[in-house]
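Notes for the one structure printed next.
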Amino acid sequence: MRARPRWLLLVLGLLPLLALASPARAAAPPQVTIDGASGGRVFDGVGALSAGASSRLLVDYPEPQRSRILDYLFKPGYGAALQILKVEIGGDTNSTDGAEPSHRRTPSDLNCDRGYEWWLMEQAKARNPGIRLSALQWGAPGWTGSDAARPTVWTDRNIDYLLSWLGCAARHHLRIDYLGGWNEGYSDGDWFVRLHQALREHGYGDVKVVADDSFNWDVLQPIAANPAFAAAVDVVGQHYVCGYLTDYLQCPSPAAAQALGKPLHASEQGSLPYDSGAAPLARALSRPYIDGAMTSTINWALIASWYDTMPFQASGLMGANEPWSGAYVAGPSLWAVAHTTQFTEPGWRYVDSAKGYLDGGGSYVALRSPDSRDYSMIAETIDATAPQRLRFTVGGGLPDGPAAVWSSDLSSGDSRRWFVREGTVRPGDTLTLAPGHVYTLTTTRGQGRGRAVSPPPAPLRLPYRDGFGSTALGSAPRYVSDLDGAFEVAPCDGRPGRCLRQVIDEQPVWWNGWLRRPVTVVGDLRSWRDYEAGVDARLDGDGEGWVELLGRVDGQWADAVSGIHLRVSGSGDWQLYDENLQGQDSRLCVPSDPACAGVEAQSRRPVQRRTLAAGRTPVGAATWHRLRLRFSGDQVTAYLDGRRLAQVVSSTHASGQTGLAVAPWRHAEFDDLAVTPVAPTGDVRYLPGQWLSATGTGFHHGYEPRKAVDGSVESMWHSEWSPRAALPQAVTVDTGRTRRISQVTYQPREDGNHNGVITRYELATSVDGVTYTRVATGTWPLDATRKSITLPDVEARYVRLTAVEAGGGYASAAEIQIGVPAM
């Protein structure tokens with residue numbers, strides 16, 4: 001066949017995208033003029049936030065996977081190409097998904113290499129020297145805070161603490177562009193005035209002060225009332241201007257904010273998964289400027305690199321929480337961001353003549369370079385239900401030549417449809433924009449899409465052992481993640497070698513009121529099921545306080561670490577208890593937030609703690625003891641120094657990590673942490689979550705079907721509630737291949753809300769995913785207890801659980817597990 005001319009191939013390639021309107025046959029499309037002379041605010045950039053221990057596991061990734069992940073985040077023309085990196089100034093206290101180390105734990109302590117945010121900023125700068133750096137504290141060491149019953153950071157000691165952090169940044173050759181006060185702690189105007197003055201006096205006058213990283217624009221009133229405060233603030237930053245855990249449809253700011261003449265930033269937005277959160281994120285990148293003249297959006301998190309046992313699983317631009325396998329996920333959120341960052345730079349200007357909403361659903365903004373030699377227009381059609389037609393022209397000194405077109409189909413799970421160059425268009429052309437997409441029209445060059453491919457996910461295999469001898473002094477061991485406090489390797493007391501030591505001895509200034517006791521965890525939520533965990537422990541001091549060994553840890557929220565705890569106190573008292581999250585309030589509550597009841601709300605719906613066994617045994621103060629927990633099916637056995645303390649039956653936690661805890665705020669040491677496999681009892685073996693995938697009849701954003709098989713009871717699948725999807729609703733689990741299935745378990749949600757708890761069900765199976773056979777029906781009580789369906793060894797690959805009736809007319813599932821005959 002004769003080859004077609006190149007010009008014909010170009011035209012054919014653009015037919016799905018472009019349609020020249022015919023006035024006789026269709027109404028004229030709306031016209032957008034990108035007028036370079038129309039004015040607009042200066043664009044400050046799109047960024048992401050590493051805070052709340054959200055990047056903890058990234059530093060432990062092997063090469064080359066770690067470098068490939070960093071390239072996807074920061075390298076220009078490769079992936080997200082982030083223009084701002086915002087980091088937490090660690091305070092050794094829980095700040096959502098763990099605690100980040102402080103650089104200065106006492107007035108005389110200073111360690112500019114502590115923690116991983118220095119490394120992350122250096123890696124970002126190495127890939128993009130022009131990236132802007134921003135910093136904010138969540139908590140702080142106790143010595144920096146006030147002496148009030150609820151300590152705050154609004155002290156001169158804390159200003160000195162922040163100055164020392166900036167000094168550490170300078171030692172790492174890092175220039176900090178933005179500095180905030182206290183995350184979501186609201187503001188003390190006089191403190192900001194003193195901070196601003198101290199920055200100028202100590203040579204940091206070019207650091208821009210951001211206030212106040214809170215909600216609802218409440219900072220505007222104190223700024224209006226205090227001229228010195230207004231003069232000290234360079235940027236007004238607010239959180240979740242587009243809403244919180246919603247579709248981010250509207251992103252307004254008050255007129256009083258826009259009248260300040262200061263840059264307005266959406267200084268934290270997001271908290272949505274890297275896959276289903278892509279569509280809301282696309283809205284949140286353009287609508288803050290359209291609705292509220294905001295010139296920067298910062299997404300939390302940078303990367304979901306924390307354990308699934310912690311809150312807000314999978315939130316971020318990417319996923320990377322398996323450093324042992326090197327697996328990561330570069331999903332659609334990465335490319336939603338790239339449609340802005342790869343085609344603009346901080347210092348460009350918005351073009352106000354080309355911003356707004358599409359009549360059929362969607363929005364658009366345009367930006368131009370300072371010299372007007374280039375422009376880019378970003379349009380999203382996430383809300384559209386039909387193709388949108390748009391005619392664009394340029395003016396005001398902007399180039400009138402061809403513009404390249406890039407697109408991402410965010411409604412598709414096919415990665416080949418994300419960040420695709422479609423061809424070129426010219427001013428005056430009419431574009432047809434497909435629903436569910438993001439488009440960029442640009443005169444710039446240099447864009448690209450990284451091609452690195454992740455290795456497959458894999459479990460963290462047992463046995464696992466760490467004697468801490470290979471970890472540098474003052475550092476955290478590989479894979480060990482602190483939830484509160486700080487566990488670091490130090491010389492052992494009372495024995496040779498190195499041990500893991502909890503080093504914080506004063507209550508930090510806390511942010512959210514969670515935990516407030518030192519806890520650290522390690523392990524694989526999904527695959528660690530039947531095992532024995534053991535550790536040598538030594539509690540410092542006079543016999544006061546206690547240490548804990550934890551097992552089957554499957555969640556953490558507020559003041560609870562869900563799992564089995566073995567506590568041994570210096571007095572000789574011991575307790576084996578079960579802590580779980582059933583009934584726990586599921587909102588992220590900050591005590592100082594007047595819109596949130598905080599700790600009071602949590603106390604009204606407390607976690608459940610149940611003593612399984614207790615007693616007393618002689619233990620010596622400041623001596624070493626061996627604690628062990630053994631899990632086999634529903635059987636839990638606790639040991640101390642080789643002597644069995646108790647053997648009980650508990651079915652609350654089926655799998656999970658191991659952990660260590662210490663009384664607040666005591667020093668304690670641990671050595672020879674070992675987790676070894678145990679042969680399971682009974683005749684059922686549950687498939688690891690990594691082997692499973694799930695689809696559903698529908699879901700609400702943030703509650704996707706995959707969360708019913710992710711091994712965590714904190715996350716869940718939930719049917720669509722806005723608008724409500726009628727029952728029946730179903731989840732189909734793919735086990736990967738045809739196998740004998742003997743049991744299916746259903747764990748309802750554990751947050752105390754009965755909406756979606758299945759009360760009448762149907763279970764069907766299939767070998768091909770097309771033809772299904774009903775194998776079980778039945779009813780369940782409206783409660784949070786785990787339910788089981790026993791099958792006569794059905795041969796199937798796919799298992800479909802259908803909610804016929806459920807609480808509130810919705811459907812939900814915290815976990816669905818597939819059991820096969822034990823071999």
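To be explicit about the labels: the chains of the structure tokens are called A, B, and onward in the order shown, and within each one the residues are counted from 1, while ligands get numbers from 1 in the order they are shown.
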
Inset, instruction - Please give the complete set of residues from segment 340-439 of chain A that DSSP, run on the backbone, assigns to strand (DSSP E or B), formatted as a PyMOL selection string. - result: chain A and resi 349-350+356-357+363-368+375-380+388-395+403-409+420-425+430-433+437-439

Legend entry - Surrounding residues of Ser632 of chain A excluding itself and chain neighbours under 2 positions, 8 Å, only C-alpha atoms, as a count of residues only: 11

I'd like the neighbourhood of Ala37 of chain A as a PDB file with N, CA, C and O atoms, in the first residue's frame, where a residue qualifies if any of its atoms comes within 9 Å (using only C-alpha atoms), though same-chain residues fewer than 6 positions away should be ignored.
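Dumped everything to result.pdb:
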```pdb
ATOM      1  N   VAL A 351      -2.877  34.787  32.520  1.00  0.00           N
ATOM      2  CA  VAL A 351      -3.506  35.648  31.525  1.00  0.00           C
ATOM      3  C   VAL A 351      -4.994  35.702  31.863  1.00  0.00           C
ATOM      4  O   VAL A 351      -5.733  34.735  31.630  1.00  0.00           O
ATOM      5  N   SER A 353      -7.482  37.154  30.631  1.00  0.00           N
ATOM      6  CA  SER A 353      -8.479  37.082  29.560  1.00  0.00           C
ATOM      7  C   SER A 353      -8.820  35.633  29.212  1.00  0.00           C
ATOM      8  O   SER A 353      -9.799  35.382  28.503  1.00  0.00           O
ATOM      9  N   GLY A 395      -3.214  37.153  21.359  1.00  0.00           N
ATOM     10  CA  GLY A 395      -2.980  38.572  21.104  1.00  0.00           C
ATOM     11  C   GLY A 395      -2.035  39.123  22.152  1.00  0.00           C
ATOM     12  O   GLY A 395      -1.464  38.393  22.974  1.00  0.00           O
ATOM     13  N   GLY A 396      -1.887  40.423  22.140  1.00  0.00           N
ATOM     14  CA  GLY A 396      -1.063  41.084  23.148  1.00  0.00           C
ATOM     15  C   GLY A 396       0.403  40.713  23.070  1.00  0.00           C
ATOM     16  O   GLY A 396       1.094  40.653  24.093  1.00  0.00           O
ATOM     17  N   GLY A 397       0.904  40.475  21.854  1.00  0.00           N
ATOM     18  CA  GLY A 397       2.323  40.185  21.686  1.00  0.00           C
ATOM     19  C   GLY A 397       2.698  38.735  21.805  1.00  0.00           C
ATOM     20  O   GLY A 397       3.885  38.392  21.699  1.00  0.00           O
ATOM     21  N   LEU A 398       1.747  37.857  22.022  1.00  0.00           N
ATOM     22  CA  LEU A 398       2.050  36.430  22.107  1.00  0.00           C
ATOM     23  C   LEU A 398       2.226  35.845  20.708  1.00  0.00           C
ATOM     24  O   LEU A 398       1.618  36.327  19.752  1.00  0.00           O
TER      25      LEU A 398
END
```

Non-local contacts of Ala228 of chain A (8 Å; only C-alpha atoms; under 4 positions in same chain excluded) as a PDB file with N, CA, C and O atoms, in the first residue's frame:
```pdb
ATOM      1  N   ASP A 190       1.832  38.870  66.747  1.00  0.00           N
ATOM      2  CA  ASP A 190       3.060  39.449  67.300  1.00  0.00           C
ATOM      3  C   ASP A 190       4.243  38.508  67.123  1.00  0.00           C
ATOM      4  O   ASP A 190       5.377  38.956  66.923  1.00  0.00           O
ATOM      5  N   VAL A 193       5.565  38.927  63.702  1.00  0.00           N
ATOM      6  CA  VAL A 193       6.325  40.175  63.612  1.00  0.00           C
ATOM      7  C   VAL A 193       7.748  39.944  64.116  1.00  0.00           C
ATOM      8  O   VAL A 193       8.738  40.368  63.490  1.00  0.00           O
ATOM      9  N   ALA A 232       4.627  42.010  58.145  1.00  0.00           N
ATOM     10  CA  ALA A 232       5.548  40.885  58.318  1.00  0.00           C
ATOM     11  C   ALA A 232       5.225  39.715  57.401  1.00  0.00           C
ATOM     12  O   ALA A 232       6.074  38.854  57.177  1.00  0.00           O
TER      13      ALA A 232
END
```

Residues within 12 Å of His667 of chain A, please, as an mmCIF file with all heavy atoms, in the first residue's frame. Count only C-alpha atoms; anything in the same chain fewer than 2 positions from it doesn't count.
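That gives us around-v6.cif:
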```cif
data_model
loop_
_atom_site.group_PDB
_atom_site.id
_atom_site.type_symbol
_atom_site.label_atom_id
_atom_site.label_comp_id
_atom_site.auth_asym_id
_atom_site.auth_seq_id
_atom_site.Cartn_x
_atom_site.Cartn_y
_atom_site.Cartn_z
ATOM 1 N N GLY A 485 7.590 10.068 69.209
ATOM 2 C CA GLY A 485 8.896 9.942 69.813
ATOM 3 C C GLY A 485 9.967 9.702 68.770
ATOM 4 O O GLY A 485 9.766 9.947 67.574
ATOM 5 N N ALA A 486 11.136 9.210 69.230
ATOM 6 C CA ALA A 486 12.257 8.984 68.316
ATOM 7 C C ALA A 486 13.045 7.768 68.779
ATOM 8 O O ALA A 486 13.575 7.746 69.894
ATOM 9 C CB ALA A 486 13.164 10.210 68.254
ATOM 10 N N PHE A 487 13.111 6.759 67.925
ATOM 11 C CA PHE A 487 13.865 5.542 68.186
ATOM 12 C C PHE A 487 15.093 5.558 67.285
ATOM 13 O O PHE A 487 14.965 5.520 66.055
ATOM 14 C CB PHE A 487 13.005 4.310 67.906
ATOM 15 C CG PHE A 487 11.844 4.132 68.853
ATOM 16 C CD1 PHE A 487 10.706 4.930 68.751
ATOM 17 C CD2 PHE A 487 11.885 3.159 69.842
ATOM 18 C CE1 PHE A 487 9.635 4.766 69.615
ATOM 19 C CE2 PHE A 487 10.814 2.981 70.711
ATOM 20 C CZ PHE A 487 9.690 3.789 70.605
ATOM 21 N N GLU A 488 16.281 5.622 67.901
ATOM 22 C CA GLU A 488 17.524 5.727 67.147
ATOM 23 C C GLU A 488 18.550 4.756 67.696
ATOM 24 O O GLU A 488 18.497 4.360 68.864
ATOM 25 C CB GLU A 488 18.070 7.157 67.232
ATOM 26 C CG GLU A 488 17.156 8.193 66.610
ATOM 27 C CD GLU A 488 17.710 9.592 66.748
ATOM 28 O OE1 GLU A 488 18.727 9.759 67.460
ATOM 29 O OE2 GLU A 488 17.136 10.509 66.144
ATOM 30 N N ALA A 490 21.926 3.576 69.256
ATOM 31 C CA ALA A 490 22.864 4.151 70.213
ATOM 32 C C ALA A 490 23.653 3.007 70.851
ATOM 33 O O ALA A 490 23.255 1.836 70.776
ATOM 34 C CB ALA A 490 22.102 4.940 71.284
ATOM 35 N N ASP A 493 23.358 -0.008 76.828
ATOM 36 C CA ASP A 493 23.674 0.023 78.248
ATOM 37 C C ASP A 493 23.582 -1.396 78.789
ATOM 38 O O ASP A 493 22.592 -2.096 78.541
ATOM 39 C CB ASP A 493 22.687 0.915 79.013
ATOM 40 C CG ASP A 493 22.993 2.389 78.849
ATOM 41 O OD1 ASP A 493 24.167 2.713 78.607
ATOM 42 O OD2 ASP A 493 22.052 3.212 78.947
ATOM 43 N N LEU A 500 18.599 -0.157 69.832
ATOM 44 C CA LEU A 500 17.609 0.838 69.418
ATOM 45 C C LEU A 500 17.102 1.525 70.680
ATOM 46 O O LEU A 500 16.547 0.875 71.575
ATOM 47 C CB LEU A 500 16.464 0.172 68.670
ATOM 48 C CG LEU A 500 15.404 1.104 68.073
ATOM 49 C CD1 LEU A 500 16.022 1.991 66.997
ATOM 50 C CD2 LEU A 500 14.247 0.301 67.496
ATOM 51 N N ARG A 501 17.273 2.837 70.755
ATOM 52 C CA ARG A 501 16.964 3.584 71.976
ATOM 53 C C ARG A 501 15.894 4.627 71.701
ATOM 54 O O ARG A 501 15.975 5.362 70.717
ATOM 55 C CB ARG A 501 18.227 4.255 72.514
ATOM 56 C CG ARG A 501 18.034 5.048 73.813
ATOM 57 C CD ARG A 501 19.385 5.576 74.293
ATOM 58 N NE ARG A 501 19.278 6.394 75.502
ATOM 59 C CZ ARG A 501 19.213 5.911 76.738
ATOM 60 N NH1 ARG A 501 19.245 4.591 76.930
ATOM 61 N NH2 ARG A 501 19.120 6.716 77.772
ATOM 62 N N GLN A 502 14.897 4.688 72.571
ATOM 63 C CA GLN A 502 13.926 5.790 72.528
ATOM 64 C C GLN A 502 14.542 6.949 73.290
ATOM 65 O O GLN A 502 14.805 6.866 74.491
ATOM 66 C CB GLN A 502 12.605 5.373 73.165
ATOM 67 C CG GLN A 502 11.417 6.237 72.744
ATOM 68 C CD GLN A 502 11.475 7.688 73.202
ATOM 69 O OE1 GLN A 502 11.530 8.592 72.371
ATOM 70 N NE2 GLN A 502 11.486 7.913 74.508
ATOM 71 N N VAL A 503 14.772 8.085 72.594
ATOM 72 C CA VAL A 503 15.639 9.131 73.134
ATOM 73 C C VAL A 503 14.902 10.357 73.648
ATOM 74 O O VAL A 503 15.520 11.211 74.300
ATOM 75 C CB VAL A 503 16.672 9.567 72.071
ATOM 76 C CG1 VAL A 503 17.545 8.393 71.663
ATOM 77 C CG2 VAL A 503 15.983 10.167 70.850
ATOM 78 N N ILE A 504 13.611 10.502 73.386
ATOM 79 C CA ILE A 504 12.891 11.721 73.787
ATOM 80 C C ILE A 504 12.414 11.563 75.224
ATOM 81 O O ILE A 504 11.718 10.592 75.560
ATOM 82 C CB ILE A 504 11.704 11.997 72.850
ATOM 83 C CG1 ILE A 504 12.185 12.033 71.400
ATOM 84 C CG2 ILE A 504 11.012 13.299 73.239
ATOM 85 C CD1 ILE A 504 13.247 13.060 71.120
ATOM 86 N N ASP A 505 12.778 12.530 76.083
ATOM 87 C CA ASP A 505 12.409 12.446 77.496
ATOM 88 C C ASP A 505 11.547 13.610 77.959
ATOM 89 O O ASP A 505 11.353 13.817 79.155
ATOM 90 C CB ASP A 505 13.652 12.333 78.377
ATOM 91 C CG ASP A 505 14.617 13.502 78.189
ATOM 92 O OD1 ASP A 505 14.258 14.473 77.478
ATOM 93 O OD2 ASP A 505 15.731 13.437 78.733
ATOM 94 N N GLU A 506 11.004 14.376 77.012
ATOM 95 C CA GLU A 506 10.118 15.496 77.344
ATOM 96 C C GLU A 506 8.995 15.548 76.320
ATOM 97 O O GLU A 506 9.240 15.396 75.124
ATOM 98 C CB GLU A 506 10.896 16.815 77.333
ATOM 99 C CG GLU A 506 10.054 18.039 77.632
ATOM 100 C CD GLU A 506 10.829 19.342 77.523
ATOM 101 O OE1 GLU A 506 11.992 19.307 77.065
ATOM 102 O OE2 GLU A 506 10.283 20.395 77.902
ATOM 103 N N ARG A 517 2.789 9.162 73.122
ATOM 104 C CA ARG A 517 3.634 8.154 73.758
ATOM 105 C C ARG A 517 4.510 7.563 72.656
ATOM 106 O O ARG A 517 4.064 7.410 71.523
ATOM 107 C CB ARG A 517 2.812 7.080 74.449
ATOM 108 C CG ARG A 517 1.990 6.176 73.538
ATOM 109 C CD ARG A 517 1.143 5.208 74.358
ATOM 110 N NE ARG A 517 0.527 4.172 73.559
ATOM 111 C CZ ARG A 517 -0.651 4.274 72.955
ATOM 112 N NH1 ARG A 517 -1.337 5.402 73.070
ATOM 113 N NH2 ARG A 517 -1.152 3.264 72.270
ATOM 114 N N PRO A 518 5.756 7.247 72.960
ATOM 115 C CA PRO A 518 6.656 6.773 71.903
ATOM 116 C C PRO A 518 6.251 5.390 71.392
ATOM 117 O O PRO A 518 6.087 4.450 72.171
ATOM 118 C CB PRO A 518 8.023 6.724 72.599
ATOM 119 C CG PRO A 518 7.878 7.608 73.797
ATOM 120 C CD PRO A 518 6.447 7.466 74.233
ATOM 121 N N ALA A 537 14.524 -6.081 75.808
ATOM 122 C CA ALA A 537 14.134 -4.723 76.197
ATOM 123 C C ALA A 537 14.734 -4.378 77.554
ATOM 124 O O ALA A 537 14.823 -5.232 78.449
ATOM 125 C CB ALA A 537 12.615 -4.592 76.250
ATOM 126 N N ARG A 538 15.117 -3.117 77.692
ATOM 127 C CA ARG A 538 15.650 -2.599 78.955
ATOM 128 C C ARG A 538 15.046 -1.228 79.207
ATOM 129 O O ARG A 538 15.224 -0.315 78.411
ATOM 130 C CB ARG A 538 17.168 -2.488 78.898
ATOM 131 C CG ARG A 538 17.813 -1.952 80.185
ATOM 132 C CD ARG A 538 19.310 -1.752 79.967
ATOM 133 N NE ARG A 538 20.002 -1.359 81.174
ATOM 134 C CZ ARG A 538 20.120 -0.089 81.609
ATOM 135 N NH1 ARG A 538 19.554 0.899 80.909
ATOM 136 N NH2 ARG A 538 20.781 0.189 82.712
ATOM 137 N N LEU A 539 14.326 -1.094 80.311
ATOM 138 C CA LEU A 539 13.725 0.175 80.700
ATOM 139 C C LEU A 539 14.668 0.899 81.644
ATOM 140 O O LEU A 539 15.086 0.335 82.672
ATOM 141 C CB LEU A 539 12.373 -0.056 81.377
ATOM 142 C CG LEU A 539 11.589 1.188 81.800
ATOM 143 C CD1 LEU A 539 11.187 2.004 80.570
ATOM 144 C CD2 LEU A 539 10.354 0.789 82.604
ATOM 145 N N ASP A 540 15.030 2.114 81.303
ATOM 146 C CA ASP A 540 15.946 2.885 82.141
ATOM 147 C C ASP A 540 15.298 3.278 83.460
ATOM 148 O O ASP A 540 14.067 3.335 83.584
ATOM 149 C CB ASP A 540 16.374 4.166 81.409
ATOM 150 C CG ASP A 540 17.395 3.887 80.333
ATOM 151 O OD1 ASP A 540 17.703 2.704 80.111
ATOM 152 O OD2 ASP A 540 17.872 4.845 79.708
ATOM 153 N N GLY A 541 16.152 3.597 84.410
ATOM 154 C CA GLY A 541 15.692 4.318 85.595
ATOM 155 C C GLY A 541 15.363 3.456 86.781
ATOM 156 O O GLY A 541 15.951 2.410 87.019
ATOM 157 N N ASP A 542 14.323 3.898 87.522
ATOM 158 C CA ASP A 542 14.059 3.438 88.876
ATOM 159 C C ASP A 542 12.909 2.445 88.975
ATOM 160 O O ASP A 542 12.323 2.271 90.036
ATOM 161 C CB ASP A 542 13.740 4.648 89.761
ATOM 162 C CG ASP A 542 12.622 5.499 89.171
ATOM 163 O OD1 ASP A 542 12.026 5.082 88.155
ATOM 164 O OD2 ASP A 542 12.357 6.583 89.719
ATOM 165 N N GLY A 543 12.558 1.802 87.896
ATOM 166 C CA GLY A 543 11.450 0.856 87.952
ATOM 167 C C GLY A 543 10.120 1.431 87.572
ATOM 168 O O GLY A 543 9.115 0.712 87.523
ATOM 169 N N GLU A 544 10.059 2.714 87.306
ATOM 170 C CA GLU A 544 8.824 3.330 86.831
ATOM 171 C C GLU A 544 8.696 3.118 85.320
ATOM 172 O O GLU A 544 9.661 2.831 84.631
ATOM 173 C CB GLU A 544 8.817 4.827 87.151
ATOM 174 C CG GLU A 544 8.883 5.144 88.637
ATOM 175 C CD GLU A 544 7.633 4.715 89.372
ATOM 176 O OE1 GLU A 544 6.544 4.755 88.754
ATOM 177 O OE2 GLU A 544 7.733 4.330 90.549
ATOM 178 N N GLY A 545 7.481 3.289 84.817
ATOM 179 C CA GLY A 545 7.267 3.200 83.382
ATOM 180 C C GLY A 545 7.093 1.779 82.898
ATOM 181 O O GLY A 545 6.979 0.831 83.677
ATOM 182 N N TRP A 546 7.061 1.609 81.558
ATOM 183 C CA TRP A 546 6.818 0.313 80.955
ATOM 184 C C TRP A 546 7.359 0.292 79.524
ATOM 185 O O TRP A 546 7.631 1.346 78.935
ATOM 186 C CB TRP A 546 5.326 -0.046 80.949
ATOM 187 C CG TRP A 546 4.405 1.087 80.532
ATOM 188 C CD1 TRP A 546 3.704 1.911 81.356
ATOM 189 C CD2 TRP A 546 4.114 1.518 79.188
ATOM 190 N NE1 TRP A 546 2.977 2.826 80.628
ATOM 191 C CE2 TRP A 546 3.205 2.610 79.300
ATOM 192 C CE3 TRP A 546 4.503 1.096 77.932
ATOM 193 C CZ2 TRP A 546 2.695 3.280 78.185
ATOM 194 C CZ3 TRP A 546 4.007 1.760 76.805
ATOM 195 C CH2 TRP A 546 3.117 2.841 76.956
ATOM 196 N N VAL A 547 7.516 -0.917 79.004
ATOM 197 C CA VAL A 547 7.828 -1.127 77.592
ATOM 198 C C VAL A 547 6.790 -2.081 77.031
ATOM 199 O O VAL A 547 6.154 -2.849 77.775
ATOM 200 C CB VAL A 547 9.243 -1.695 77.392
ATOM 201 C CG1 VAL A 547 10.293 -0.681 77.797
ATOM 202 C CG2 VAL A 547 9.413 -3.005 78.153
ATOM 203 N N ALA A 622 16.243 -1.550 85.290
ATOM 204 C CA ALA A 622 17.427 -1.323 84.461
ATOM 205 C C ALA A 622 18.131 -2.630 84.115
ATOM 206 O O ALA A 622 19.363 -2.696 84.085
ATOM 207 C CB ALA A 622 18.375 -0.341 85.133
ATOM 208 N N ALA A 661 6.861 0.032 71.992
ATOM 209 C CA ALA A 661 6.312 1.233 72.621
ATOM 210 C C ALA A 661 6.952 1.411 73.991
ATOM 211 O O ALA A 661 7.404 0.447 74.620
ATOM 212 C CB ALA A 661 4.795 1.143 72.745
ATOM 213 N N VAL A 662 6.959 2.663 74.453
ATOM 214 C CA VAL A 662 7.585 3.026 75.724
ATOM 215 C C VAL A 662 6.673 4.005 76.440
ATOM 216 O O VAL A 662 5.992 4.822 75.806
ATOM 217 C CB VAL A 662 8.976 3.667 75.493
ATOM 218 C CG1 VAL A 662 9.656 3.980 76.817
ATOM 219 C CG2 VAL A 662 9.860 2.760 74.648
ATOM 220 N N ALA A 663 6.675 3.934 77.764
ATOM 221 C CA ALA A 663 5.901 4.897 78.550
ATOM 222 C C ALA A 663 6.377 6.311 78.240
ATOM 223 O O ALA A 663 7.568 6.534 78.019
ATOM 224 C CB ALA A 663 6.053 4.608 80.038
ATOM 225 N N PRO A 664 5.467 7.283 78.231
ATOM 226 C CA PRO A 664 5.886 8.666 77.961
ATOM 227 C C PRO A 664 6.521 9.278 79.229
ATOM 228 O O PRO A 664 5.968 9.103 80.306
ATOM 229 C CB PRO A 664 4.582 9.370 77.626
ATOM 230 C CG PRO A 664 3.514 8.553 78.303
ATOM 231 C CD PRO A 664 4.016 7.158 78.364
ATOM 232 N N TRP A 665 7.585 9.977 79.121
ATOM 233 C CA TRP A 665 8.558 10.061 78.042
ATOM 234 C C TRP A 665 9.821 9.498 78.628
ATOM 235 O O TRP A 665 10.649 10.234 79.168
ATOM 236 C CB TRP A 665 8.705 11.501 77.542
ATOM 237 C CG TRP A 665 7.488 11.892 76.781
ATOM 238 C CD1 TRP A 665 6.372 12.471 77.273
ATOM 239 C CD2 TRP A 665 7.264 11.655 75.382
ATOM 240 N NE1 TRP A 665 5.461 12.631 76.265
ATOM 241 C CE2 TRP A 665 5.983 12.145 75.094
ATOM 242 C CE3 TRP A 665 8.027 11.095 74.365
ATOM 243 C CZ2 TRP A 665 5.448 12.065 73.813
ATOM 244 C CZ3 TRP A 665 7.498 11.034 73.098
ATOM 245 C CH2 TRP A 665 6.211 11.516 72.828
ATOM 246 N N GLU A 669 15.675 0.818 75.835
ATOM 247 C CA GLU A 669 16.505 0.261 74.779
ATOM 248 C C GLU A 669 15.960 -1.090 74.349
ATOM 249 O O GLU A 669 15.358 -1.821 75.150
ATOM 250 C CB GLU A 669 17.936 0.093 75.268
ATOM 251 C CG GLU A 669 18.647 1.404 75.496
ATOM 252 C CD GLU A 669 20.067 1.167 76.001
ATOM 253 O OE1 GLU A 669 20.958 0.984 75.138
ATOM 254 O OE2 GLU A 669 20.264 1.156 77.217
ATOM 255 N N PHE A 670 16.217 -1.419 73.075
ATOM 256 C CA PHE A 670 15.758 -2.681 72.495
ATOM 257 C C PHE A 670 16.891 -3.280 71.670
ATOM 258 O O PHE A 670 17.667 -2.551 71.032
ATOM 259 C CB PHE A 670 14.527 -2.458 71.620
ATOM 260 C CG PHE A 670 13.369 -1.835 72.347
ATOM 261 C CD1 PHE A 670 13.212 -0.453 72.383
ATOM 262 C CD2 PHE A 670 12.432 -2.622 72.998
ATOM 263 C CE1 PHE A 670 12.149 0.121 73.050
ATOM 264 C CE2 PHE A 670 11.369 -2.051 73.671
ATOM 265 C CZ PHE A 670 11.224 -0.682 73.697
#
```

Inset, instruction - Determine, counting only C-alpha atoms, which protein, DNA and RNA residues have an atom within 7 Å of an atom of Leu57 of chain A; residues of the same chain fewer than 3 positions away are not included. Present the result as a PyMOL selection string. - result: chain A and resi 60-61+305-306+321+323+479

Inset, instruction - Measure the distance from atom CA of Leu73 of chain A to atom CA of Asp291 of chain A in Å and round it to one decimal. - result: 27.5 Å

Legend entry - Option closest in space to Ile741 of chain A, from A:Arg760, A:Lys355, A:Arg685, A:Arg465 [counting only C-alpha atoms]: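 Of all the options, A:Arg685 lies closest to Ile741 of chain A.
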
Legend entry - All residues 7 Å or closer to Ser712 of chain A, only C-alpha atoms, same chain fewer than 3 positions away omitted, as a ChimeraX atom specification: /A:308-309,554-555,715,815

Restricting the output to N, CA and C atoms, write the selected residues as a short mmCIF file (atom, residue, chain, number, x, y, z; two decimals), in the first residue's frame.
```
data_model
loop_
_atom_site.label_atom_id
_atom_site.label_comp_id
_atom_site.auth_asym_id
_atom_site.auth_seq_id
_atom_site.Cartn_x
_atom_site.Cartn_y
_atom_site.Cartn_z
N ASP A 308 0.85 1.13 55.23
CA ASP A 308 -0.61 1.13 55.08
C ASP A 308 -1.34 1.04 56.41
N THR A 309 -0.64 0.77 57.49
CA THR A 309 -1.29 0.74 58.80
C THR A 309 -1.60 2.14 59.32
N ASP A 554 -2.44 -3.45 62.76
CA ASP A 554 -3.14 -3.28 61.48
C ASP A 554 -3.75 -1.90 61.31
N GLY A 555 -3.41 -0.94 62.18
CA GLY A 555 -3.94 0.40 62.01
C GLY A 555 -3.44 1.33 63.09
N SER A 715 -8.78 1.66 55.86
CA SER A 715 -9.31 2.07 54.57
C SER A 715 -10.52 1.20 54.23
N GLU A 815 -12.45 -4.82 54.64
CA GLU A 815 -11.58 -5.86 54.12
C GLU A 815 -12.40 -7.04 53.64
#
```
